[in-house]
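Have a look at run21.txt; it's compact mmCIF, C-alpha atoms:
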# COMPACT_ATOMS: atom_id res chain seq x y z
CA MET A 426 8.68 27.25 13.54
CA THR A 427 8.90 30.81 12.16
CA LEU A 428 6.09 32.24 10.10
CA PRO A 429 8.11 32.68 6.86
CA ARG A 430 9.36 29.06 7.15
CA ARG A 431 5.79 27.77 7.53
CA LEU A 432 4.66 29.87 4.60
CA GLU A 433 7.51 28.51 2.51
CA GLN A 434 6.54 24.93 3.36
CA SER A 435 2.86 25.38 2.66
CA SER A 436 3.51 27.13 -0.64
CA ALA A 437 5.87 24.30 -1.65
CA SER A 438 3.17 21.75 -0.94
CA ILE A 439 0.58 23.82 -2.84
CA LEU A 440 2.95 24.07 -5.79
CA GLN A 441 3.51 20.30 -5.68
CA LYS A 442 -0.28 19.72 -5.73
CA ILE A 443 -0.66 22.12 -8.66
CA LYS A 444 2.12 20.27 -10.52
CA GLU A 445 0.43 16.91 -9.96
CA SER A 446 -2.94 18.28 -11.10
CA LEU A 447 -1.30 19.70 -14.21
CA ASP A 448 0.35 16.33 -14.92
CA ARG A 449 -3.00 14.59 -14.68
CA LEU A 450 -4.63 17.26 -16.82
CA ASN A 451 -1.87 16.87 -19.36
CA GLU A 452 -2.43 13.11 -19.56
CA LYS A 453 -6.16 13.62 -20.05
CA MET A 454 -5.51 16.18 -22.78
CA GLU A 455 -3.20 13.74 -24.56
CA VAL A 456 -5.92 11.10 -24.50
CA MET A 457 -8.46 13.61 -25.84
CA ILE A 458 -6.12 14.64 -28.62
CA GLU A 459 -5.59 11.00 -29.58
CA ILE A 460 -9.35 10.38 -29.58
CA GLN A 461 -9.83 13.34 -31.87
CA LYS A 462 -7.03 12.18 -34.16
CA HIS A 463 -8.16 8.58 -34.52
CA GLY A 464 -11.80 8.57 -33.48
CA GLN A 465 -12.87 5.94 -30.91
CA HIS A 466 -10.55 3.13 -31.87
CA THR A 467 -11.90 -0.36 -31.44
CA PRO A 468 -9.27 -2.87 -32.48
CA SER A 469 -11.53 -5.88 -32.03
CA GLN A 470 -13.41 -5.12 -35.24
CA GLU A 471 -13.51 -7.88 -37.84
CA GLY A 472 -12.65 -10.50 -35.26
CA ILE A 473 -9.00 -9.51 -34.91
CA PRO A 474 -8.08 -9.92 -31.25
CA ASP A 475 -6.58 -6.87 -29.59
CA VAL A 476 -3.61 -8.72 -28.17
CA LEU A 477 -0.13 -7.30 -27.92
CA ASP A 478 1.67 -10.22 -29.54
CA VAL A 479 4.77 -9.99 -31.73
CA MET A 480 2.73 -9.61 -34.92
CA THR A 481 0.93 -6.61 -33.40
CA LEU A 482 4.29 -5.23 -32.28
CA LEU A 483 5.57 -5.55 -35.84
CA SER A 484 2.52 -3.74 -37.24
CA LEU A 485 2.79 -0.75 -34.88
CA PRO A 486 4.44 2.46 -36.07
CA ASP A 487 8.09 2.70 -34.95
CA HIS A 488 7.50 5.21 -32.13
CA LEU A 489 4.74 3.11 -30.54
CA ARG A 490 6.62 -0.17 -31.04
CA LYS A 491 9.52 1.09 -28.96
CA THR A 492 7.16 2.00 -26.11
CA ALA A 493 5.20 -1.27 -26.39
CA VAL A 494 8.30 -3.51 -26.46
CA THR A 495 9.71 -1.66 -23.46
CA LEU A 496 6.47 -2.11 -21.54
CA CYS A 497 6.41 -5.83 -22.44
CA LYS A 498 9.90 -6.16 -20.99
CA LEU A 499 9.09 -4.22 -17.83
CA ASP A 500 5.79 -6.10 -17.37
CA GLN A 501 4.22 -3.08 -15.68
CA ALA A 502 5.57 0.43 -15.48
CA THR A 503 4.86 4.12 -15.08
CA ALA A 504 5.51 6.55 -17.94
CA ASP A 505 8.63 7.62 -16.03
CA GLU A 506 10.02 4.09 -15.94
CA VAL A 507 9.36 3.58 -19.66
CA ALA A 508 10.97 6.95 -20.46
CA GLU A 509 14.04 5.93 -18.48
CA GLN A 510 14.51 2.90 -20.75
CA THR A 511 13.68 4.55 -24.07
CA LYS A 512 15.60 7.77 -23.27
CA ARG A 513 12.64 9.81 -24.46
CA ALA A 514 10.75 12.48 -22.53
CA ARG A 515 8.23 11.36 -19.92
CA ALA A 516 5.42 13.38 -21.51
CA VAL A 517 6.13 11.73 -24.86
CA GLU A 518 5.99 8.24 -23.35
CA SER A 519 2.85 9.11 -21.42
CA GLY A 520 1.21 10.13 -24.71
CA TYR A 521 2.30 6.91 -26.46
CA LEU A 522 1.22 4.71 -23.54
CA ASN A 523 -2.19 6.35 -23.46
CA GLN A 524 -2.46 5.82 -27.19
CA LEU A 525 -1.73 2.10 -26.68
CA VAL A 526 -4.42 2.06 -23.97
CA LEU A 527 -6.88 3.56 -26.45
CA MET A 528 -5.93 0.99 -29.05
CA GLY A 529 -6.83 -1.70 -26.51
CA TYR A 530 -3.35 -3.26 -26.25
CA VAL A 531 -2.38 -1.89 -22.85
CA LYS A 532 -4.23 -1.46 -19.56
CA LYS A 533 -3.88 1.50 -17.22
CA GLU A 534 -4.41 1.48 -13.49
CA ARG A 535 -4.12 4.34 -11.09
CA ARG A 536 -2.54 3.50 -7.73
CA GLY A 537 -2.43 6.53 -5.46
CA ARG A 538 -0.84 9.33 -7.43
CA LYS A 539 0.87 7.09 -9.96
CA ALA A 540 -0.54 5.64 -13.17
CA TYR A 541 0.71 2.15 -13.98
CA PHE A 542 0.56 0.68 -17.47
CA TYR A 543 0.69 -3.05 -18.14
CA VAL A 544 0.02 -5.69 -20.77
CA ASP A 545 -2.96 -7.71 -19.68
CA ARG A 546 -1.87 -11.30 -20.15
CA GLU A 547 -4.96 -12.38 -18.22
CA ARG A 548 -5.47 -13.20 -14.62
CA GLU A 549 -5.00 -16.95 -14.95
CA GLU A 550 -1.32 -16.24 -15.56
CA LYS A 551 -1.01 -14.47 -12.21
CA GLU A 552 -2.97 -17.27 -10.52
CA ALA A 553 -0.55 -19.82 -12.01
CA ASN A 554 2.39 -17.83 -10.63
CA LYS A 555 0.81 -17.88 -7.20
CA THR A 556 0.44 -21.68 -7.35
CA TRP A 557 4.14 -22.04 -8.20
CA GLU A 558 5.14 -19.79 -5.36
CA LYS A 559 3.14 -21.96 -2.98
CA SER A 560 4.61 -25.20 -4.29
CA MET B 1228 24.18 -9.56 -15.57
CA GLY B 1229 24.18 -12.43 -18.06
CA LYS B 1230 23.03 -12.39 -21.65
CA ILE B 1231 20.29 -14.09 -23.63
CA ILE B 1232 21.49 -15.06 -27.10
CA VAL B 1233 19.09 -16.14 -29.83
CA ILE B 1234 20.39 -18.15 -32.77
CA HIS B 1235 18.16 -17.80 -35.80
CA SER B 1236 18.17 -18.09 -39.58
CA TYR B 1237 15.87 -17.53 -42.53
CA LYS B 1238 16.23 -21.02 -43.93
CA GLY B 1239 16.59 -24.42 -42.29
CA GLY B 1240 19.80 -26.43 -42.31
CA THR B 1241 22.10 -23.44 -41.82
CA GLY B 1242 23.75 -24.94 -38.74
CA LYS B 1243 21.85 -23.16 -35.96
CA THR B 1244 21.69 -26.19 -33.70
CA LEU B 1245 25.34 -27.09 -34.25
CA LEU B 1246 26.31 -23.52 -33.35
CA ALA B 1247 23.94 -23.35 -30.39
CA VAL B 1248 25.12 -26.64 -28.85
CA ASN B 1249 28.81 -25.93 -29.33
CA LEU B 1250 28.57 -22.32 -28.22
CA ALA B 1251 26.77 -23.46 -25.05
CA ALA B 1252 29.40 -26.14 -24.37
CA LEU B 1253 32.22 -23.71 -25.16
CA TYR B 1254 30.98 -21.11 -22.66
CA ALA B 1255 30.44 -23.84 -20.04
CA ASN B 1256 33.97 -25.15 -20.63
CA GLN B 1257 35.18 -21.62 -19.88
CA GLY B 1258 33.65 -22.13 -16.43
CA LYS B 1259 30.43 -20.23 -17.09
CA GLY B 1260 26.84 -21.09 -16.22
CA VAL B 1261 24.89 -21.77 -19.41
CA CYS B 1262 21.34 -22.75 -20.22
CA LEU B 1263 20.50 -23.99 -23.72
CA LEU B 1264 16.83 -24.00 -24.73
CA ASP B 1265 15.26 -25.68 -27.77
CA LEU B 1266 12.59 -23.27 -28.97
CA ASP B 1267 12.14 -25.04 -32.29
CA PHE B 1268 8.78 -26.57 -31.45
CA ARG B 1269 8.09 -27.54 -35.08
CA ALA B 1270 11.21 -29.63 -35.40
CA PRO B 1271 12.80 -30.26 -31.99
CA SER B 1272 16.45 -31.31 -32.21
CA LEU B 1273 18.29 -31.02 -28.90
CA GLN B 1274 16.70 -34.17 -27.45
CA ALA B 1275 18.44 -36.14 -30.25
CA VAL B 1276 21.80 -34.45 -29.65
CA PHE B 1277 21.64 -35.09 -25.88
CA ARG B 1278 19.94 -38.47 -26.32
CA VAL B 1279 16.93 -37.67 -24.18
CA HIS B 1280 13.85 -39.79 -24.73
CA ASN B 1281 11.50 -38.79 -21.97
CA ALA B 1282 10.99 -35.77 -19.82
CA GLU B 1283 8.66 -35.06 -16.94
CA TYR B 1284 8.32 -31.50 -18.21
CA TRP B 1285 9.16 -30.06 -21.63
CA LEU B 1286 9.60 -26.41 -22.57
CA ASN B 1287 6.11 -26.72 -24.08
CA ASP B 1288 4.81 -27.15 -20.51
CA TYR B 1289 6.63 -24.04 -19.33
CA LEU B 1290 5.12 -21.96 -22.13
CA ASN B 1291 1.70 -23.50 -21.41
CA GLY B 1292 1.98 -22.26 -17.83
CA VAL B 1293 2.03 -25.79 -16.38
CA CYS B 1294 5.37 -25.57 -14.58
CA GLU B 1295 8.21 -23.24 -13.78
CA ILE B 1296 11.33 -23.17 -15.97
CA LYS B 1297 13.53 -25.05 -13.47
CA LYS B 1298 11.41 -28.19 -13.85
CA THR B 1299 12.14 -28.39 -17.59
CA LEU B 1300 15.93 -28.17 -17.25
CA ARG B 1301 18.35 -31.11 -17.18
CA ASP B 1302 21.87 -30.78 -15.90
CA PHE B 1303 24.58 -32.03 -18.27
CA SER B 1304 27.47 -30.43 -16.38
CA GLN B 1305 28.94 -33.77 -15.27
CA THR B 1306 28.59 -35.60 -18.57
CA HIS B 1307 28.95 -33.11 -21.41
CA VAL B 1308 31.33 -30.36 -20.29
CA ARG B 1309 34.68 -30.27 -18.47
CA ARG B 1310 33.80 -27.48 -16.09
CA GLY B 1311 31.12 -24.83 -15.69
CA LYS B 1312 27.43 -25.56 -15.79
CA LEU B 1313 25.33 -26.75 -18.74
CA LEU B 1314 21.56 -26.92 -18.33
CA VAL B 1315 19.35 -27.89 -21.26
CA GLY B 1316 15.60 -27.50 -21.80
CA PHE B 1317 13.97 -29.60 -24.51
CA ALA B 1318 11.01 -29.19 -26.84
CA ASN B 1319 8.58 -32.10 -26.93
CA PRO B 1320 9.35 -34.03 -30.13
CA SER B 1321 6.10 -36.04 -30.28
CA THR B 1322 3.93 -35.42 -33.35
CA GLU B 1323 0.99 -34.62 -31.12
CA ALA B 1324 2.94 -31.93 -29.26
CA ILE B 1325 4.21 -30.43 -32.53
CA ARG B 1326 0.66 -30.35 -33.89
CA GLU B 1327 -0.58 -28.72 -30.69
CA MET B 1328 2.13 -26.06 -30.77
CA THR B 1329 1.42 -25.12 -34.40
CA ALA B 1330 -2.27 -24.59 -33.61
CA LYS B 1331 -1.77 -22.01 -30.84
CA ASP B 1332 -3.67 -18.72 -31.13
CA ARG B 1333 -2.40 -15.15 -30.81
CA LYS B 1334 -3.45 -14.83 -27.21
CA TRP B 1335 -1.35 -17.88 -26.31
CA GLU B 1336 1.60 -16.47 -28.25
CA MET B 1337 1.28 -13.22 -26.29
CA LYS B 1338 1.46 -15.16 -23.01
CA ALA B 1339 4.38 -17.20 -24.35
CA LEU B 1340 6.20 -13.93 -25.07
CA GLY B 1341 5.61 -12.89 -21.46
CA ARG B 1342 7.05 -16.19 -20.23
CA LEU B 1343 10.11 -15.93 -22.46
CA LEU B 1344 10.67 -12.34 -21.30
CA SER B 1345 10.50 -13.45 -17.67
CA LEU B 1346 13.44 -15.86 -18.22
CA LYS B 1347 15.72 -12.87 -17.76
CA THR B 1348 14.60 -12.77 -14.14
CA SER B 1349 14.39 -16.51 -13.47
CA LEU B 1350 17.54 -17.68 -15.28
CA LEU B 1351 19.88 -14.69 -15.29
CA ASN B 1352 18.93 -12.98 -12.02
CA ASP B 1353 17.69 -15.78 -9.75
CA MET B 1354 19.83 -18.67 -11.01
CA GLN B 1355 22.78 -16.36 -11.76
CA LEU B 1356 23.53 -17.94 -15.13
CA ASP B 1357 25.92 -16.18 -17.50
CA PHE B 1358 24.32 -17.17 -20.79
CA VAL B 1359 20.97 -18.40 -22.01
CA ILE B 1360 21.03 -19.64 -25.61
CA PHE B 1361 17.81 -20.01 -27.63
CA ASP B 1362 17.86 -22.40 -30.58
CA THR B 1363 14.93 -21.48 -32.84
CA SER B 1364 12.81 -22.49 -35.83
CA PRO B 1365 13.97 -20.99 -39.11
CA GLY B 1366 12.01 -18.17 -40.77
CA LEU B 1367 9.32 -15.92 -39.41
CA GLN B 1368 7.66 -18.32 -36.98
CA TYR B 1369 5.81 -16.96 -33.97
CA SER B 1370 8.08 -18.86 -31.57
CA SER B 1371 11.20 -17.49 -33.27
CA ILE B 1372 10.02 -13.88 -33.24
CA ASN B 1373 9.06 -14.28 -29.56
CA ALA B 1374 12.58 -15.57 -28.93
CA ILE B 1375 14.18 -12.68 -30.84
CA VAL B 1376 12.17 -10.08 -28.89
CA SER B 1377 13.15 -11.74 -25.58
CA ALA B 1378 16.87 -11.97 -26.33
CA ASP B 1379 19.62 -9.41 -25.74
CA VAL B 1380 21.72 -10.44 -28.72
CA ALA B 1381 20.74 -12.12 -31.97
CA LEU B 1382 23.01 -14.27 -34.10
CA VAL B 1383 21.72 -14.69 -37.64
CA VAL B 1384 23.18 -17.68 -39.45
CA SER B 1385 23.16 -17.77 -43.23
CA GLY B 1386 24.49 -20.09 -45.89
CA MET B 1387 25.88 -19.01 -49.27
CA ASP B 1388 22.75 -19.95 -51.21
CA ILE B 1389 21.20 -16.97 -53.03
CA SER B 1390 17.71 -17.73 -51.68
CA ASP B 1391 19.14 -17.78 -48.18
CA ILE B 1392 21.07 -14.53 -48.66
CA LYS B 1393 18.09 -12.67 -50.16
CA GLY B 1394 15.66 -14.01 -47.55
CA THR B 1395 18.01 -13.20 -44.68
CA GLN B 1396 18.46 -9.70 -46.05
CA ARG B 1397 14.69 -9.12 -46.12
CA MET B 1398 14.27 -10.66 -42.67
CA ILE B 1399 16.89 -8.31 -41.21
CA ASN B 1400 15.26 -5.24 -42.77
CA GLU B 1401 11.73 -6.17 -41.87
CA LEU B 1402 12.21 -7.85 -38.51
CA TYR B 1403 15.52 -7.27 -36.75
CA ASP B 1404 15.77 -3.58 -37.61
CA LEU B 1405 12.22 -2.99 -36.38
CA PHE B 1406 13.04 -4.44 -32.97
CA GLU B 1407 16.38 -2.58 -32.81
CA LYS B 1408 18.13 -5.77 -31.76
CA LYS B 1409 21.89 -6.09 -31.33
CA THR B 1410 22.53 -8.46 -34.20
CA GLY B 1411 25.53 -10.17 -35.72
CA LEU B 1412 25.82 -12.28 -38.85
CA VAL B 1413 27.53 -15.66 -39.08
CA MET B 1414 28.08 -17.04 -42.57
CA ASN B 1415 28.25 -20.78 -42.38
CA LYS B 1416 29.44 -23.44 -44.82
CA VAL B 1417 31.49 -20.92 -46.81
CA PHE B 1418 33.60 -22.50 -49.56
CA THR B 1419 37.11 -23.17 -48.33
CA GLU B 1420 38.65 -21.74 -51.55
CA ILE B 1421 37.12 -18.33 -50.79
CA LEU B 1422 38.39 -18.31 -47.23
CA GLN B 1423 41.90 -19.43 -48.22
CA SER B 1424 42.45 -16.46 -50.55
CA LYS B 1425 42.89 -13.18 -48.67
CA THR B 1426 41.47 -11.13 -51.59
CA HIS B 1427 38.42 -13.34 -52.06
CA ARG B 1428 37.80 -13.36 -48.35
CA ALA B 1429 37.95 -9.58 -48.11
CA ASP B 1430 35.72 -9.19 -51.18
CA LEU B 1431 33.09 -11.48 -49.73
CA ALA B 1432 33.19 -9.72 -46.36
CA LYS B 1433 32.71 -6.37 -48.12
CA GLN B 1434 29.81 -7.73 -50.20
CA LEU B 1435 28.13 -9.16 -47.11
CA LEU B 1436 28.52 -5.95 -45.17
CA ASN B 1437 26.97 -4.01 -48.06
CA SER B 1438 24.02 -6.31 -48.48
CA TYR B 1439 23.22 -6.95 -44.80
CA ASN B 1440 24.42 -3.79 -43.11
CA LEU B 1441 25.20 -5.92 -40.07
CA PRO B 1442 28.46 -6.70 -38.29
CA LEU B 1443 29.89 -9.86 -39.83
CA ILE B 1444 30.94 -11.93 -36.84
CA GLU B 1445 32.54 -14.85 -38.66
CA MET B 1446 32.74 -16.79 -41.90
CA ILE B 1447 32.84 -20.47 -41.04
CA PRO B 1448 34.04 -22.90 -43.69
CA CYS B 1449 32.28 -26.13 -44.58
CA PHE B 1450 33.75 -28.91 -42.41
CA CYS B 1451 33.11 -32.34 -43.90
CA ASP B 1452 34.23 -34.13 -40.73
CA ILE B 1453 31.62 -32.26 -38.69
CA LEU B 1454 28.92 -33.23 -41.19
CA ARG B 1455 30.17 -36.81 -41.04
CA GLU B 1456 29.54 -36.94 -37.28
CA GLY B 1457 25.88 -36.21 -38.00
CA GLY B 1458 25.40 -34.06 -34.90
CA THR B 1459 26.37 -36.82 -32.48
CA LYS B 1460 29.52 -35.18 -31.18
CA ILE B 1461 29.91 -31.97 -29.18
CA PHE B 1462 33.17 -30.67 -30.62
CA ALA B 1463 33.49 -27.90 -28.00
CA THR B 1464 33.96 -30.66 -25.40
CA GLU B 1465 35.47 -33.58 -27.28
CA ASN B 1466 37.77 -31.89 -29.75
CA LEU B 1467 38.90 -28.50 -28.49
CA GLU B 1468 41.69 -28.33 -31.08
CA HIS B 1469 39.28 -28.55 -34.01
CA PRO B 1470 39.47 -25.43 -36.26
CA PHE B 1471 35.68 -25.06 -35.94
CA ILE B 1472 36.05 -24.61 -32.20
CA LYS B 1473 38.88 -22.11 -32.68
CA ILE B 1474 36.53 -20.05 -34.88
CA LEU B 1475 33.65 -20.48 -32.44
CA ASP B 1476 35.91 -19.22 -29.69
CA ARG B 1477 36.20 -15.92 -31.57
CA VAL B 1478 32.41 -15.86 -32.07
CA ALA B 1479 31.94 -16.37 -28.32
CA THR B 1480 34.27 -13.46 -27.49
CA THR B 1481 32.61 -11.17 -30.06
CA ILE B 1482 29.16 -11.91 -28.63
CA GLU B 1483 30.35 -11.07 -25.14
CA ASN B 1484 31.47 -7.66 -26.39
CA LEU B 1485 28.50 -6.99 -28.69
Using the file provided, produce a representation of the structure as structure tokens.
Amino acid sequence: MTLPRRLEQSSASILQKIKESLDRLNEKMEVMIEIQKHGQHTPSQEGIPDVLDVMTLLSLPDHLRKTAVTLCKLDQATADEVAEQTKRARAVESGYLNQLVLMGYVKKERRGRKAYFYVDREREEKEANKTWEKS
Amino acid sequence: MGKIIVIHSYKGGTGKTLLAVNLAALYANQGKGVCLLDLDFRAPSLQAVFRVHNAEYWLNDYLNGVCEIKKTLRDFSQTHVRRGKLLVGFANPSTEAIREMTAKDRKWEMKALGRLLSLKTSLLNDMQLDFVIFDTSPGLQYSSINAIVSADVALVVSGMDISDIKGTQRMINELYDLFEKKTGLVMNKVFTEILQSKTHRADLAKQLLNSYNLPLIEMIPCFCDILREGGTKIFATENLEHPFIKILDRVATTIENL
């Protein structure tokens, strides 16, 4: 392989790494901004459970409801996948999803380079599904 | 990809079950695969229409995570429709089951929403059905809102009573609009005199459009002979020439294109 070609490839991979780091940084910044805006939100105060049921969905502001309903339908999804459904920008959805995480309604899990968001309907549900699959 | 249709109303007695049963039978008679589910756990009805007394599994069991959806479905394709497929899932009508369902907490309701949402995969994708029809409890019940969120299309049924019209209006503004649901309105038991006069009919349609801001799918007149049958007859199978079925045929086509 020629030297310029190798240089081109390595700079592309460096740029890709920088882009990913910036994406992660951006997500963290969004979370920090939300924390500053709302303070440390703890939805379980006064005994109200922090569950994402339909009544919670109804009480959410319009922009968050759209994201939350979409995530409920997708079960688990990345910000990209939610953005594809809502036709809004990925960065916007990422911000809203992180806000829902802060509010305690949504869980976030990092798998490799991707962040997955999901509604935690408890493990027993997944166990039950496994039992059906077996039977 | 098939569609999930929810049939809902603000008040009881608007004709949801009659519409749900006949719409399901009508689609099946067109050769389609249909699944009708009774999600009115406070006042189950479909078991009376289909004369079912016992079931190994009810829809209650599916929502409780006891069984998969297939186990709750009964096949009425041979007995209740001329062609196509008609599967029906029933709500447990025992007082104990009704009491249990009304005492569920929010966490349970959240799981139930997850299970209703997953019907899109199990019934429409895996079983390749064309339509799933949810019959629901009237008003803002948890089970009904879960059903609305899980459906692709909502059919709101209203009578001509002022309390019904006002309540339905509020429900559309405060519930349907928030979930951005494709919704259509069916006015049921409309006075025949209004429907017979072209001017009156157009006036009423205009009024309804103004107050609901929803597409008016149909205005169905009050049919005494249907009331007389007391819900024992499935007109979409037994009496295809009935004017009610002709109207329902238009409703069915509109829903498909909604």
Interface list for chain B, partner chain A, 12 Å threshold, all atoms listed in the file, as a count of residues only
49
From atom CA of Leu1300 of chain B to atom CA of Val1279 of chain B the spacing works out at 11.8 Å
Wanna dump the segment 1231-1258 of chain B-segment 1448-1470 of chain B contacts at 12 Å for me, each residue with its shortest atom pair and the distance in Å to one decimal, counting all atoms listed in the file, ordered by chain and number, as a tab-separated table?
residue	atom	partner	partner_atom	distance
B:Gly1240	CA	B:Leu1454	CA	11.4
B:Thr1241	CA	B:Cys1449	CA	10.9
B:Gly1242	CA	B:Gly1458	CA	10.0
B:Lys1243	CA	B:Gly1458	CA	11.5
B:Thr1244	CA	B:Gly1458	CA	8.8
B:Leu1245	CA	B:Gly1458	CA	7.0
B:Leu1246	CA	B:Ala1463	CA	10.0
B:Ala1247	CA	B:Ile1461	CA	10.6
B:Val1248	CA	B:Ile1461	CA	7.2
B:Asn1249	CA	B:Ala1463	CA	5.2
B:Leu1250	CA	B:Ala1463	CA	7.4
B:Ala1251	CA	B:Ala1463	CA	8.6
B:Ala1252	CA	B:Ala1463	CA	5.7
B:Leu1253	CA	B:Ala1463	CA	5.2
B:Tyr1254	CA	B:Ala1463	CA	9.0
B:Ala1255	CA	B:Thr1464	CA	9.4
B:Asn1256	CA	B:Thr1464	CA	7.3
B:Gln1257	CA	B:Ala1463	CA	10.4
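Counting from atom CA of Phe1277 of chain B, the distance to atom CA of Lys1230 of chain B is 23.1 Å.
Reported to one decimal place, the separation of atom CA of Gly1258 of chain B from atom CA of Arg1310 of chain B is 5.4 Å.
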Worksheet entry | 12 Å contact set for Glu1323 of chain B, only C-alpha atoms, chain neighbours under 5 positions out, as a VMD selection string | chain B and resid 1268 to 1269 1287 1328 to 1330
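Nearest residue to Ala516 of chain A, choosing from A:Leu440, A:Leu496, A:Val456, A:Met528 and counting only C-alpha atoms: A:Val456.
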Q) Ile1482 of chain B: which residues within 9 Å, counting only C-alpha atoms, same-chain residues fewer than 3 positions away excluded, as an NGL selection string? A) :B and (1232 or 1380 or 1382 or 1411 or 1444 or 1477-1479 or 1485)
For Pro1442 of chain B, please output as JSON, numbers by chain all residues within 9 Å (counting all atoms listed in the file; exclusion window: fewer than 2 positions along the same chain).
-> {"B": [1410, 1411, 1412, 1436, 1439, 1440, 1444]}
Store the residues of this selection in a file with C-alpha atoms, as a short mmCIF file (atom, residue, chain, number, x, y, z; two decimals), in the frame of the given file.
data_model
loop_
_atom_site.label_atom_id
_atom_site.label_comp_id
_atom_site.auth_asym_id
_atom_site.auth_seq_id
_atom_site.Cartn_x
_atom_site.Cartn_y
_atom_site.Cartn_z
CA THR B 1410 22.53 -8.46 -34.20
CA GLY B 1411 25.53 -10.17 -35.72
CA LEU B 1412 25.82 -12.28 -38.85
CA LEU B 1436 28.52 -5.95 -45.17
CA TYR B 1439 23.22 -6.95 -44.80
CA ASN B 1440 24.42 -3.79 -43.11
CA ILE B 1444 30.94 -11.93 -36.84
#
